[in-house]
Protein chains: 2
Amino acid sequence: MAYDLKTIAKMTGYSVSTVSRVVNGKGRVSQKTRDKILEIVDEYNYVPNQIARSLKSNATNTVGIIVPDIREYFYKVIRSADAIFSKHGYSILLADSNEDPEKEEMYIKLMYEKRVDGLILATVSNEFKALDIFFNNSVPVVFIDNLPEVDGAYEDCVLLDNAKASSMAIDQFVKEGHRRIAIISGTETEMTGHERMDGYLRSMRLHGFEPDERLVKIGRYEEEEGYRCMAELLENRQEAGFTAVYVSSYKMSCGAFKAIKEKELRIPDDVAVIAFDFTDDTGLITPTITSVVQPIERIGRIVAERLIDRMKMAKQAEDEREEDFPQKIILAPGMLLGESSRYVK
Amino acid sequence: MAYDLKTIAKMTGYSVSTVSRVVNGKGRVSQKTRDKILEIVDEYNYVPNQIARSLKSNATNTVGIIVPDIREYFYKVIRSADAIFSKHGYSILLADSNEDPEKEEMYIKLMYEKRVDGLILATVSNEFKALDIFFNNSVPVVFIDNLPEVDGAYEDCVLLDNAKASSMAIDQFVKEGHRRIAIISGTETEMTGHERMDGYLRSMRLHGFEPDERLVKIGRYEEEEGYRCMAELLENRQEAGFTAVYVSSYKMSCGAFKAIKEKELRIPDDVAVIAFDFTDDTGLITPTITSVVQPIERIGRIVAERLIDRMKMAKQAEDEREEDFPQKIILAPGMLLGESSRYVK
DNA sequence: GTGAAAGCGCTAACAC
DNA sequence: GTGTTAGCGCTTTCAC
């Protein structure tokens, strides 16, 4: 059984409070006492119970992270956030909602029950409802990936500039000589899908190309949907007359590539492609793939820093708390240039 | 501020214990009382404080997971373990040791301080030292990926049959017609490196091939090392006379491919390859890659199940606890057949 | 410098 | 059926 302060105190002959002072290195304790106590603490391998501390201090030094699927880029975000959190003494309570809004809601509640000091949320839901417990008790929440819409107002978040991602892809295509550019995008009900589509349309217009619905396919962010969308596009390739396709999600990109391969078409000769968040670890992929990429490391770092800031503020007494407004942090995507976006002929 | 039981009790006019009973659904409470209390609980959105519960019950319903780098296959293991844990009401406290034994030790201690009910550890250290707190207090630990060696004895673990992975690769090569087969393997000081090498040597001998040090390159599990090893092998290709290479780590495989490409050699024509834990999401890689793969989903599932079992046992009173011996669970790898292992000419 | 004691929010005897 | 109370392990105020 684990030793507690009382037991250690008894063994040293001092009181609990003195032992506590020594263990925490606070308060005045004579050197002699300190040495004697530390010896016993070491000998019996006393490890303070953080649960008890948390109950007392009303802080767990733990942040919650809820993501829809850790296998997406989130695991990299977590890795980078973890580096920051661990430096500041925070641990991570992780939950994977499996894209299920109800499970997400359950986890939000659970995180609150476990009294995390802050929460990072990549939500799949469109309402804040379950988060009320956090807001009402001013436990900081920072969103990533996606922000549920609430009439104009917004919360703390770190997001990709999705519209810019699209326009960067279009710009690149245009620069290479393409004129008829198609897009495969996510469902409009998702904030990201909406923004990526929006950026595409705006950018196309800026280049003087009128919108053409034959150039647009929309689906869920899944490999099969990417496959379907690309297959449908290719079905009407002659008629629609496009030479390039921007596939605005990683999973969809994988599906789209398979559709192209199945039709025995060549990239970029028959159809040029710019993918999303795509990197080739192996160097084996031919042609090399042009891709818009999220600044994943930065997302993790920044969301962690922002949350830590907010948690610090929350600790201050209400009256001396400096006024703080939600921050919407929008990060620019990057571009990986490859051969897949070339204009041939 | 969050409401506590006492406040809720005051509001309902009942005592804390009655409110507690209602919230937990235990003990006899009249329907009328229950309804009245639940109404207030709902109205004020009372959420029980798990920290306090944990202090009382001496259980956190949280398991710790420490991995060296979540970006390796561990994030998939975690995903699959999470599915099991969440079903059983456990949350995950995650830590990434960044391959640093000291950081790992620090996290082990932290996990204990936060009183996790159990621990999953993919260690980078070769000693159990820091884990004493867990063992001494009989908090269950299950190892994955790697088990520090301690003279014959072992602990609970879920591991890949690394020797079998190697022999499967060699068998496949032989079946395809190869006779001179090289290996790129991890450092011998790592259990996995040792076992993979061992399996290779044994399998080669079984097939009647004498060991030949020109066919063996060893390095750390890193992309650059895979590159270096492959480059060195290819340097002496004529002399060593091999037609095939088994690269026994994912990261090393990526580096090895780059070395081959740089030398402008073809796979499998000039050198056949079997990789480790390699899958191609895109279908774009030519040739398709033959690879030995870990049963990642199963690892996650099984390690979670085993830990849950152990935690249940730990809860039982010492005297009625059924005797339990550590289990060494060894899982067989799988094989993904591709063109990269072919024997040409 | 050190100790006694209250209390963090909850559960579970035990009493009524 | 319901209420009182001790105590989980710790920190911290207040006395001495």
# chains A, B, ... in the order shown; residues from 1 in each chain; ligands from 1
>>> residues_around(residues="B:Asp281", least_positions_apart="3", cutoff="9 Å", atoms="only C-alpha atoms (C1' of nucleotides)", output="PyMOL selection string")
(chain A and resi 251+254-255) or (chain B and resi 284)
>>> closest_atom_pairs(of="chain D", to="chain B", cutoff="7 Å", atoms="only C-alpha atoms (C1' of nucleotides)", output="Markdown table")
| residue | atom | partner | partner_atom | distance |
| --- | --- | --- | --- | --- |
| D:DG1 | C1' | B:Val29 | CA | 5.9 |
| D:DT2 | C1' | B:Thr18 | CA | 6.7 |
| D:DG3 | C1' | B:Ser15 | CA | 6.2 |
| D:DC8 | C1' | B:Lys56 | CA | 4.3 |
>>> atom_distance(atom1="atom CA of A:Thr288", atom2="atom CA of A:Ala275")
11.0 Å
>>> closest_atom_pairs(of="chain C", to="chain B", cutoff="8 Å", atoms="only C-alpha atoms (C1' of nucleotides)", output="CSV")
residue,atom,partner,partner_atom,distance
C:DG9,C1',B:Ala52,CA,5.1
C:DC10,C1',B:Ala52,CA,5.2
C:DT11,C1',B:Lys56,CA,6.8
>>> write_last_selection(atoms="C-alpha atoms (C1' of nucleotides)", output="JSON list (two decimals), in the first residue's frame")
[["chain", "number", "residue", "atom", "x", "y", "z"],
["C", 9, "DG", "C1'", -16.43, 17.44, -2.48],
["C", 10, "DC", "C1'", -17.71, 13.26, -2.03],
["C", 11, "DT", "C1'", -19.35, 8.36, -0.17]]
>>> closest_atom_pairs(of="chain A", to="chain B", cutoff="8 Å", atoms="only C-alpha atoms", output="tab-separated table")
residue	atom	partner	partner_atom	distance
A:Met1	CA	B:Asn137	CA	5.2
A:Ala2	CA	B:Asn137	CA	6.0
A:Asn45	CA	B:Ile133	CA	7.5
A:Val47	CA	B:Glu113	CA	6.3
A:Pro48	CA	B:Glu113	CA	6.1
A:Asn49	CA	B:Glu113	CA	5.4
A:Gln50	CA	B:Lys114	CA	5.1
A:Ile51	CA	B:Leu55	CA	6.0
A:Ala52	CA	B:Leu55	CA	6.1
A:Ser54	CA	B:Ile51	CA	7.0
A:Leu55	CA	B:Ile51	CA	6.0
A:Asp69	CA	B:Arg79	CA	8.0
A:Ile70	CA	B:Arg79	CA	6.6
A:Arg71	CA	B:Lys76	CA	6.4
A:Tyr75	CA	B:Tyr75	CA	6.6
A:Lys76	CA	B:Arg71	CA	6.4
A:Arg79	CA	B:Ile70	CA	6.6
A:Asp82	CA	B:Asp96	CA	7.3
A:Ser91	CA	B:Leu93	CA	7.1
A:Ile92	CA	B:Leu94	CA	5.5
A:Leu93	CA	B:Leu93	CA	4.5
A:Leu94	CA	B:Ile92	CA	5.5
A:Ala95	CA	B:Ile92	CA	7.1
A:Asp96	CA	B:Arg79	CA	7.3
A:Tyr112	CA	B:Val47	CA	7.8
A:Glu113	CA	B:Asn49	CA	5.3
A:Lys114	CA	B:Gln50	CA	5.1
A:Arg115	CA	B:Asn49	CA	7.1
A:Ile133	CA	B:Asn45	CA	7.5
A:Asn136	CA	B:Met1	CA	7.5
A:Asn137	CA	B:Met1	CA	5.3
A:Ser253	CA	B:Thr282	CA	7.9
A:Cys254	CA	B:Thr282	CA	4.6
A:Gly255	CA	B:Thr282	CA	7.2
A:Phe257	CA	B:Thr282	CA	6.4
A:Lys258	CA	B:Gly283	CA	6.1
A:Lys261	CA	B:Leu284	CA	7.8
A:Asp281	CA	B:Cys254	CA	6.2
A:Thr282	CA	B:Cys254	CA	4.6
A:Gly283	CA	B:Lys258	CA	6.1
A:Leu284	CA	B:Ile285	CA	5.9
A:Ile285	CA	B:Ile285	CA	5.0
A:Thr286	CA	B:Leu284	CA	7.1
>>> select_by_dssp(residues="stretch 200-302 of chain B", states="strand (DSSP E or B)", output="VMD selection string")
chain B and resid 216 to 219 244 to 247 272 to 276 285 290 to 293
>>> decode(residues="stretch 187-212 of chain B", atoms="C-alpha atoms", output="compact mmCIF listing (two decimals), in the first residue's frame")
# COMPACT_ATOMS: atom_id res chain seq x y z
CA THR B 187 20.39 -2.22 -32.97
CA GLU B 188 21.01 -5.46 -31.13
CA THR B 189 20.64 -3.77 -27.76
CA GLU B 190 16.97 -3.28 -28.47
CA MET B 191 14.92 -6.36 -27.82
CA THR B 192 13.13 -6.01 -31.13
CA GLY B 193 16.35 -5.55 -33.09
CA HIS B 194 17.83 -8.58 -31.46
CA GLU B 195 14.81 -10.75 -32.15
CA ARG B 196 14.41 -9.65 -35.73
CA MET B 197 18.05 -10.40 -36.40
CA ASP B 198 17.75 -13.72 -34.67
CA GLY B 199 14.77 -14.74 -36.73
CA TYR B 200 16.64 -13.82 -39.87
CA LEU B 201 19.71 -15.88 -39.01
CA ARG B 202 17.71 -18.87 -37.92
CA SER B 203 15.53 -18.80 -40.97
CA MET B 204 18.51 -18.44 -43.29
CA ARG B 205 20.15 -21.44 -41.72
CA LEU B 206 16.98 -23.47 -42.00
CA HIS B 207 17.02 -22.80 -45.69
CA GLY B 208 20.63 -23.92 -45.80
CA PHE B 209 22.23 -20.50 -46.22
CA GLU B 210 25.30 -19.80 -44.16
CA PRO B 211 25.41 -16.46 -42.38
CA ASP B 212 27.37 -13.85 -44.27
